[in-house]
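This report refers to the structure that appears directly beneath it.
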Amino acid sequence: MSSLPVQGAQVVSRVASLLRIVGRKPEGSPLVELVRESGLTRPTVHRLLSSLAAEGLLDQDPHSGNWVLGPEILLMGSVASARFPLEDIARPSLRRLAEETGESAFFSIRRGAETVCLLREEGSFPVRSFVLHEGVRFPLGVASAGTAIMAFLPEDEQEELLAGWTSHAGNFAAAHTEELVRANLEATRQAGYSVNPGLVLEGSWGMGAAVFDQRGRPAWALSLTGIEPRFREDRREFLGRLLMDEAHRISTLLNRAPGGA
């Protein structure tokens, strides 16, 4: 009997992992990708997917065969959104950023050692970067939102992440070396905003600013992404100032919300 809680927790962890992987992309993921990303055996993944589909938490696209989020997830999200008024509070800032800059604007949340993109607003500039969209996750310290958040965490938390940097950054470690990340974090603290010079995808740049909770901790981030020529040095100060102004606005509004959002 003593082993049952452990087994139950393991199942929950596996289910949560699969839901996160499927939720990274609107088009979902094929079975082979889910097996590879989860590290589970094919029979285990297939069994869990079938169970989740039976509960309406996942669907299988009839055309692509990909596994996608199901209608029950939408319903749960709708209920949860009432507790976290992020859409109402952050969306106006995203629209202002997109309108004033022409770039695509994003709002991300910190979840443990990752950032997750929650909201997106497309800019008017016809050439865009498609690195970021709703549901995309990056390790803290990777991409502009993750750098903006990590830079203002307590030093001991930063050092804990940096101590196991290669494992933490995973596939992004090659472009995001520890030395470079440390330099980016320091530059972010000095400027107040982060700059990602095409480290996730060559030619795709980003900038970010942290949004703080009631305790003064970085819990969310605003970011802008676009092609490299749109982020030339003489324009970055303007973009950074806009990001920080809107990040401060959201921080103030979130902290006024019931429960501090």
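The way I read the labels, and the way they are meant: chains A, B, ... in the order of the structure tokens, residue 1 as the first residue of every chain, and ligand 1 as the first ligand shown, with later ones counted on from there.
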(request) Would you please extract all strand (DSSP E) residues from region 29-161 of chain A, as assigned by DSSP on the backbone, and give them as a list in words? (result) Leu58, Asp59, Gln60, Trp67, Val68, Leu69, Ser104, Ala105, Phe106, Phe107, Ser108, Ile109, Arg110, Arg111, Glu114, Thr115, Val116, Cys117, Leu118, Leu119, Arg120, Glu121, Arg137, Phe138 and Pro139 of chain A
Can you write just those residues out, N, CA, C and O atoms, as a short mmCIF file (atom, residue, chain, number, x, y, z; two decimals), in the first residue's frame?
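So the final result, stored in part_27.cif, reads:
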```cif
data_model
loop_
_atom_site.label_atom_id
_atom_site.label_comp_id
_atom_site.auth_asym_id
_atom_site.auth_seq_id
_atom_site.Cartn_x
_atom_site.Cartn_y
_atom_site.Cartn_z
N LEU A 58 -7.62 15.46 -24.62
CA LEU A 58 -6.86 15.47 -25.86
C LEU A 58 -7.75 14.98 -26.99
O LEU A 58 -8.75 14.28 -26.77
N ASP A 59 -7.38 15.35 -28.21
CA ASP A 59 -8.01 14.84 -29.43
C ASP A 59 -6.90 14.42 -30.39
O ASP A 59 -5.76 14.90 -30.26
N GLN A 60 -7.25 13.57 -31.35
CA GLN A 60 -6.29 13.24 -32.41
C GLN A 60 -6.82 13.82 -33.71
O GLN A 60 -7.94 13.50 -34.14
N TRP A 67 -1.65 14.67 -32.05
CA TRP A 67 -2.44 14.80 -30.83
C TRP A 67 -2.52 16.28 -30.47
O TRP A 67 -1.50 16.97 -30.43
N VAL A 68 -3.73 16.77 -30.22
CA VAL A 68 -3.96 18.18 -29.92
C VAL A 68 -4.78 18.29 -28.64
O VAL A 68 -5.41 17.32 -28.20
N LEU A 69 -4.78 19.47 -28.05
CA LEU A 69 -5.56 19.69 -26.84
C LEU A 69 -7.05 19.56 -27.13
O LEU A 69 -7.54 19.98 -28.17
N SER A 104 5.70 42.05 -33.35
CA SER A 104 4.80 41.17 -32.61
C SER A 104 5.12 41.25 -31.13
O SER A 104 6.29 41.22 -30.74
N ALA A 105 4.09 41.37 -30.30
CA ALA A 105 4.25 41.52 -28.85
C ALA A 105 3.70 40.29 -28.14
O ALA A 105 2.71 39.69 -28.58
N PHE A 106 4.35 39.93 -27.01
CA PHE A 106 4.00 38.71 -26.30
C PHE A 106 3.99 38.94 -24.79
O PHE A 106 4.70 39.79 -24.28
N PHE A 107 3.19 38.12 -24.12
CA PHE A 107 3.14 38.13 -22.66
C PHE A 107 3.39 36.70 -22.19
O PHE A 107 2.68 35.77 -22.58
N SER A 108 4.42 36.52 -21.36
CA SER A 108 4.81 35.19 -20.89
C SER A 108 4.78 35.14 -19.37
O SER A 108 4.93 36.15 -18.70
N ILE A 109 4.60 33.94 -18.85
CA ILE A 109 4.57 33.71 -17.42
C ILE A 109 5.70 32.78 -17.02
O ILE A 109 6.11 31.91 -17.80
N ARG A 110 6.22 32.98 -15.82
CA ARG A 110 7.20 32.04 -15.29
C ARG A 110 6.47 30.84 -14.68
O ARG A 110 5.56 31.00 -13.89
N ARG A 111 6.90 29.65 -15.09
CA ARG A 111 6.41 28.43 -14.49
C ARG A 111 7.61 27.60 -14.09
O ARG A 111 8.25 26.96 -14.94
N GLU A 114 10.92 27.60 -16.23
CA GLU A 114 10.61 27.90 -17.63
C GLU A 114 9.78 29.17 -17.75
O GLU A 114 9.22 29.66 -16.77
N THR A 115 9.70 29.67 -18.98
CA THR A 115 8.69 30.68 -19.30
C THR A 115 7.74 30.05 -20.30
O THR A 115 8.14 29.23 -21.14
N VAL A 116 6.47 30.43 -20.20
CA VAL A 116 5.44 29.94 -21.11
C VAL A 116 4.75 31.15 -21.72
O VAL A 116 4.29 32.04 -21.00
N CYS A 117 4.68 31.19 -23.04
CA CYS A 117 3.99 32.29 -23.72
C CYS A 117 2.49 32.12 -23.57
O CYS A 117 1.94 31.08 -23.91
N LEU A 118 1.83 33.16 -23.05
CA LEU A 118 0.38 33.11 -22.83
C LEU A 118 -0.41 33.87 -23.89
O LEU A 118 -1.47 33.42 -24.32
N LEU A 119 0.08 35.06 -24.28
CA LEU A 119 -0.67 35.93 -25.16
C LEU A 119 0.22 36.48 -26.26
O LEU A 119 1.42 36.69 -26.06
N ARG A 120 -0.39 36.74 -27.41
CA ARG A 120 0.35 37.28 -28.56
C ARG A 120 -0.49 38.33 -29.25
O ARG A 120 -1.71 38.21 -29.34
N GLU A 121 0.16 39.37 -29.74
CA GLU A 121 -0.49 40.40 -30.55
C GLU A 121 0.42 40.69 -31.74
O GLU A 121 1.56 41.10 -31.57
N ARG A 137 7.39 27.09 -24.67
CA ARG A 137 8.15 27.13 -23.42
C ARG A 137 9.63 27.26 -23.72
O ARG A 137 10.15 26.64 -24.65
N PHE A 138 10.30 28.07 -22.90
CA PHE A 138 11.75 28.19 -22.96
C PHE A 138 12.31 28.09 -21.55
O PHE A 138 11.67 28.53 -20.59
N PRO A 139 13.51 27.54 -21.40
CA PRO A 139 14.15 27.57 -20.08
C PRO A 139 14.42 29.02 -19.66
O PRO A 139 14.68 29.87 -20.52
#
```
(message) Can you pull out the residues contacting region 141-150 of chain A? Cut-off 9 Å, using only C-alpha atoms, and skip same-chain residues under 4 positions away; I want them as number ranges by chain.
(response) A: 106-110, 114-115, 117, 154, 157-158, 161, 169, 172-173, 176, 181-182, 184-185, 188-189, 192-200, 205-212, 217-225
Residues of region 177-259 of chain A that have any atom at most 8 Å from an atom of region 88-102 of chain A: could you tabulate them with the shortest-distance atom pair and the distance in Å to one decimal, using only C-alpha atoms, ordered by chain and increasing number, as a Markdown table?
```
| residue | atom | partner | partner_atom | distance |
| --- | --- | --- | --- | --- |
| A:Leu222 | CA | A:Leu94 | CA | 8.0 |
| A:Leu239 | CA | A:Thr101 | CA | 7.4 |
| A:Leu242 | CA | A:Leu97 | CA | 7.1 |
| A:Leu243 | CA | A:Leu97 | CA | 7.4 |
| A:Glu246 | CA | A:Ser93 | CA | 5.8 |
| A:Ile250 | CA | A:Ala90 | CA | 6.3 |
| A:Leu253 | CA | A:Ile89 | CA | 6.8 |
| A:Leu254 | CA | A:Ile89 | CA | 7.1 |
```
(request) Name the closest residue to Asp61 (chain A) among the candidates A:Ala151, A:Val11, A:Ile73, A:Val22; distances are taken between atoms, counting only C-alpha atoms. (result)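 Distance minimum relative to Asp61 (chain A) lands on A:Val22.
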(request) Might you pull out every residue within 12 Å of Thr41 (chain A), with only C-alpha atoms counted and same-chain residues fewer than 6 positions away left off, and present them as a PyMOL selection string? (result) chain A and resi 14+31-35+47-48
(message) Counting only C-alpha atoms, which residue out of A:Leu52, A:Leu86, A:Ala9, A:Ile21 sits closest to Asn255 (chain A)?
(response)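 Distance minimum relative to Asn255 (chain A) lands on A:Leu86.
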(message) To one decimal place in Å, what is the distance between CA of Glu27 (chain A) and CA of Ser64 (chain A)?
(response)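 Value for the CA of Glu27 (chain A)-CA of Ser64 (chain A) distance: 8.7 Å.
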(request) Within region 64-214 of chain A, find each residue whose DSSP state, derived from the backbone, is helix (DSSP H, G or I), and express the selection as an MDAnalysis selection string. (result) chainID A and resid 71:81 86:101 143:151 155:163 165:172 178:191
(request) May I ask for the distance between CA of Gly65 (chain A) and CA of Ser50 (chain A), given in Å to one decimal place? (result)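 So the answer is 13.2 Å.
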(request) Rank nothing, just name the residue among A:Gly216, A:Trp165, A:Glu202, A:Gly226 nearest to His248 (chain A), using only C-alpha atoms. (result)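 Once distances to His248 (chain A) are computed over only C-alpha atoms, the minimum belongs to A:Gly216.
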